[in-house]
Amino acid sequence: MTATPRILITGANGQIGTVLAAALRCAHGPEAVLGTDIVAPPSSVLASRFTLLDVLDAPRLRTLIAQHQIDTVYHLSAVLSARGEADPRRTWEVNVTGLLNVLEAAREGLKVFFPSTIAVFGPNVPPEDTPDDAVLNPSTVYGMSKASGENWCAYYHERWGVDVRSLRYPGVIGYQSQPGGGTTDYAVEIFHQALATGSYQCFLSADQRLPMIYMDDAIRATLEIMAAPAARIGRRTSYNLQGLSFCPADIAVAIQAEMQRRGMAVPEFSYRPDFRQAIAASWPHSLDDSAARRDWGWQPRFGLRELVADMFDHLGTTIPCSV
Ligand code: AKB
């Protein structure tokens with residue numbers, strides 16, 4: 001029997017952190033998981049183990065790791081692509097120095113998960129089925145920080161044997177939490193606005209196709225890569241992770257069809273691209289994630305129809321224990 005891990009999550013109140021924390025608590029018990037973030041969580045999760053932590057405060061991070069006998073860190077704190085452009089130096093500091101603080105602490109023998117992103121790619125890569133090893137020419141400071149972070153992960157693994165594992169998340173869509181500061185956020189906002197107001201104005205072009213993933217798949221991928229035997233992790237920078245690809249017009253049509261099927265008023269959608277369109281246009285349309293499939297058995301489950309139906313099945317409910 002394997003021992004229960006002692007887990008610390010940074011950025012535990014974020015879009016992915018909220019759901020990952022719940023999934024890890026379901027898997028290992030509430031006592032096994034310490035959520036941390038720079039701001040206090042909503043009252044619904046206050047009952048869980050949580051403490052404030054700024055990832056730039058390395059001494060406090062080390063104290064928490066020692067106090068709670070942490071052996072695994074899911075380092076989710078980051079400033080995302082759109083928000084990151086407002087303050088590039090701060091974005092670099094949070095995203096790179098924050099990671100270095102975690103990796104330094106991990107030299108004592110911690111296992112680490114580091115989320116990377118499709119934003120590590122720039123406009124010079126083949127946009128369809130972009131390979132893992134395509135050249136990294138990111139267009140945002142967020143992408144630059146994550147590309148650098150991937151290399152730091154590989155460096156700490158090579159030099160000090162740190163067991164760090166990483167996924168390049170595409171845009172993540174889920175009913176459980178709200179995204180913040182990203183370019184792919186439209187794909188969650190569109191559901192909430194369609195339900196609340198019957199319309200949504202998208203900040204990307206109707207035909208801007210991007211790689212995306214349903215939250216359930218993203219969480220399962222994260223748990224699967226962390227559970228895989230170390231010998232199966234052939235990439236210590238990061239793995240491409242593809243769920244599905246669609247453009248705003250595709251998801252708009254799928255939402256309209258689903259709402260009509262449910263006897264709801266059909267929402268109206270319009271498009272008014274802003275600065276985030278240029279960011280999105282610099283990213284791939286789809287990723288080649290064959291290395292993840294080959295090395296540790298990655299297989300997405302949600303296509304667009306299943307994703308949209310599941311969103312409408314769940315919107316307004318609390319986080320389930322089944323991911
Ligand atoms: C963003 O839009 O910045 C993120 C991402 C793709 O990493 N969702």
# chains A, B, ... in the order shown; residues from 1 in each chain; ligands from 1
>>> residues_around(residues="A:Ala134", least_positions_apart="5", cutoff="12 Å", atoms="only C-alpha atoms", output="ChimeraX atom specification")
/A:118,120-129,147,239-240,284,287-288
>>> residues_near_ligand(ligand="ligand 1", cutoff="6 Å", atoms="only C-alpha atoms and all ligand atoms", output="ChimeraX atom specification")
/A:80-81,117-119,170-171,182-184
>>> select_by_dssp(residues="stretch 13-226 of chain A", states="alpha helix (DSSP H)", output="MDAnalysis selection string")
chainID A and resid 15:28 58:67 81:84 88:92 98:106 141:160 186:197 215:226
>>> closest_residue(among="A:Thr237, A:Ser48, A:Ser270, A:Ser139", to="A:Gln201", atoms="only C-alpha atoms")
A:Ser270
>>> select_by_dssp(residues="stretch 48-120 of chain A", states="strand (DSSP E or B)", output="compact mmCIF listing (two decimals) with N, CA and C atoms, in the first residue's frame")
# COMPACT_ATOMS: atom_id res chain seq x y z
N PHE A 50 -6.47 25.46 4.80
CA PHE A 50 -6.01 26.55 3.94
C PHE A 50 -5.17 27.52 4.75
N THR A 51 -4.13 28.05 4.11
CA THR A 51 -3.38 29.13 4.74
C THR A 51 -2.89 30.10 3.65
N LEU A 52 -2.73 31.35 4.05
CA LEU A 52 -2.25 32.35 3.09
C LEU A 52 -0.78 32.12 2.78
N THR A 72 4.68 16.69 -1.57
CA THR A 72 4.29 16.95 -2.97
C THR A 72 3.73 18.37 -3.08
N VAL A 73 4.21 19.12 -4.07
CA VAL A 73 3.69 20.49 -4.28
C VAL A 73 3.09 20.58 -5.69
N TYR A 74 1.85 21.02 -5.75
CA TYR A 74 1.23 21.39 -7.03
C TYR A 74 1.33 22.91 -7.09
N HIS A 75 2.23 23.38 -7.95
CA HIS A 75 2.53 24.83 -7.94
C HIS A 75 1.71 25.54 -9.02
N LYS A 111 8.19 16.07 -4.57
CA LYS A 111 7.69 15.88 -5.93
C LYS A 111 6.90 17.15 -6.30
N VAL A 112 7.03 17.60 -7.56
CA VAL A 112 6.42 18.89 -7.94
C VAL A 112 5.61 18.74 -9.23
N PHE A 113 4.45 19.40 -9.26
CA PHE A 113 3.71 19.57 -10.52
C PHE A 113 3.78 21.03 -10.92
N PHE A 114 4.15 21.27 -12.19
CA PHE A 114 4.26 22.63 -12.73
C PHE A 114 3.38 22.74 -13.97
N PRO A 115 2.34 23.59 -13.93
CA PRO A 115 1.51 23.75 -15.13
C PRO A 115 2.17 24.69 -16.12
N SER A 116 2.40 24.17 -17.33
CA SER A 116 2.82 25.06 -18.41
C SER A 116 1.60 25.30 -19.30
N THR A 117 1.79 25.73 -20.52
CA THR A 117 0.68 26.29 -21.29
C THR A 117 0.98 26.28 -22.78
>>> residues_around(residues="stretch 192-195 of chain A", least_positions_apart="4", cutoff="10 Å", atoms="only C-alpha atoms", output="ChimeraX atom specification")
/A:175,178,186-188,199-201,252,255-256,259,264-269,311-312,315-316
>>> closest_atom_pairs(of="stretch 150-200 of chain A", to="stretch 295-304 of chain A", cutoff="12 Å", atoms="only C-alpha atoms", output="tab-separated table")
residue	atom	partner	partner_atom	distance
A:Arg165	CA	A:Trp296	CA	11.7
A:Leu167	CA	A:Trp298	CA	11.1
A:Val172	CA	A:Phe302	CA	11.9
A:Ile173	CA	A:Leu304	CA	10.8
A:Gly174	CA	A:Phe302	CA	11.5
A:Ala187	CA	A:Leu304	CA	11.4
>>> write_last_selection(atoms="C-alpha atoms", output="compact mmCIF listing (two decimals), in the first residue's frame")
# COMPACT_ATOMS: atom_id res chain seq x y z
CA ARG A 165 6.34 16.86 -13.92
CA LEU A 167 1.70 19.65 -18.67
CA VAL A 172 -9.51 24.95 -19.54
CA ILE A 173 -13.33 24.96 -19.40
CA GLY A 174 -15.28 23.97 -16.32
CA ALA A 187 -14.97 29.81 -23.35
>>> residues_around(residues="A:Arg236", least_positions_apart="6", cutoff="7 Å", atoms="only C-alpha atoms", output="list in words")
Cys153, Ala154, Val164 and Arg165 of chain A
>>> residues_around(residues="A:Pro42", least_positions_apart="5", cutoff="12 Å", atoms="only C-alpha atoms", output="short mmCIF file (atom, residue, chain, number, x, y, z; two decimals) with C-alpha atoms, in the first residue's frame")
data_model
loop_
_atom_site.label_atom_id
_atom_site.label_comp_id
_atom_site.auth_asym_id
_atom_site.auth_seq_id
_atom_site.Cartn_x
_atom_site.Cartn_y
_atom_site.Cartn_z
CA ALA A 12 -5.42 26.85 -4.68
CA ASN A 13 -8.21 29.41 -5.18
CA GLY A 14 -7.65 29.73 -8.92
CA THR A 18 -10.14 25.04 -6.78
CA ASP A 37 -3.08 31.28 -2.04
CA ALA A 47 -13.73 24.69 6.06
CA SER A 48 -10.85 22.98 4.19
CA PHE A 50 -6.01 26.55 3.94
CA SER A 177 -14.74 27.78 -11.02
#
>>> residues_around(residues="A:Asp217", least_positions_apart="2", cutoff="8 Å", atoms="only C-alpha atoms", output="list of chain:residue names")
A:Ile213, A:Tyr214, A:Met215, A:Ile219, A:Arg220, A:Ala221, A:Gly243, A:Pro300, A:Arg301, A:Phe302
>>> closest_atom_pairs(of="stretch 141-163 of chain A", to="stretch 99-107 of chain A", cutoff="9 Å", atoms="only C-alpha atoms", output="CSV")
residue,atom,partner,partner_atom,distance
A:Gly149,CA,A:Leu99,CA,7.0
A:Trp152,CA,A:Leu100,CA,7.7
A:Cys153,CA,A:Leu103,CA,7.5
A:Tyr156,CA,A:Leu103,CA,7.0
A:Trp160,CA,A:Arg107,CA,6.4
A:Gly161,CA,A:Arg107,CA,7.7
A:Val162,CA,A:Arg107,CA,6.0
A:Asp163,CA,A:Ala106,CA,8.4
>>> atom_distance(atom1="atom CA of A:Pro273", atom2="atom CA of A:Cys202")
7.0 Å
>>> closest_residue(among="A:Ser77, A:Arg272, A:Ser205, A:Leu20", to="A:Thr222", atoms="only C-alpha atoms")
A:Leu20
>>> residues_around(residues="A:Pro88", least_positions_apart="2", cutoff="10 Å", atoms="only C-alpha atoms", output="ChimeraX atom specification")
/A:79,83-86,90-93,140-142,145
>>> closest_residue(among="A:Val94, A:Ala278, A:Ala206, A:Leu34", to="A:Ala82", atoms="only C-alpha atoms")
A:Ala278
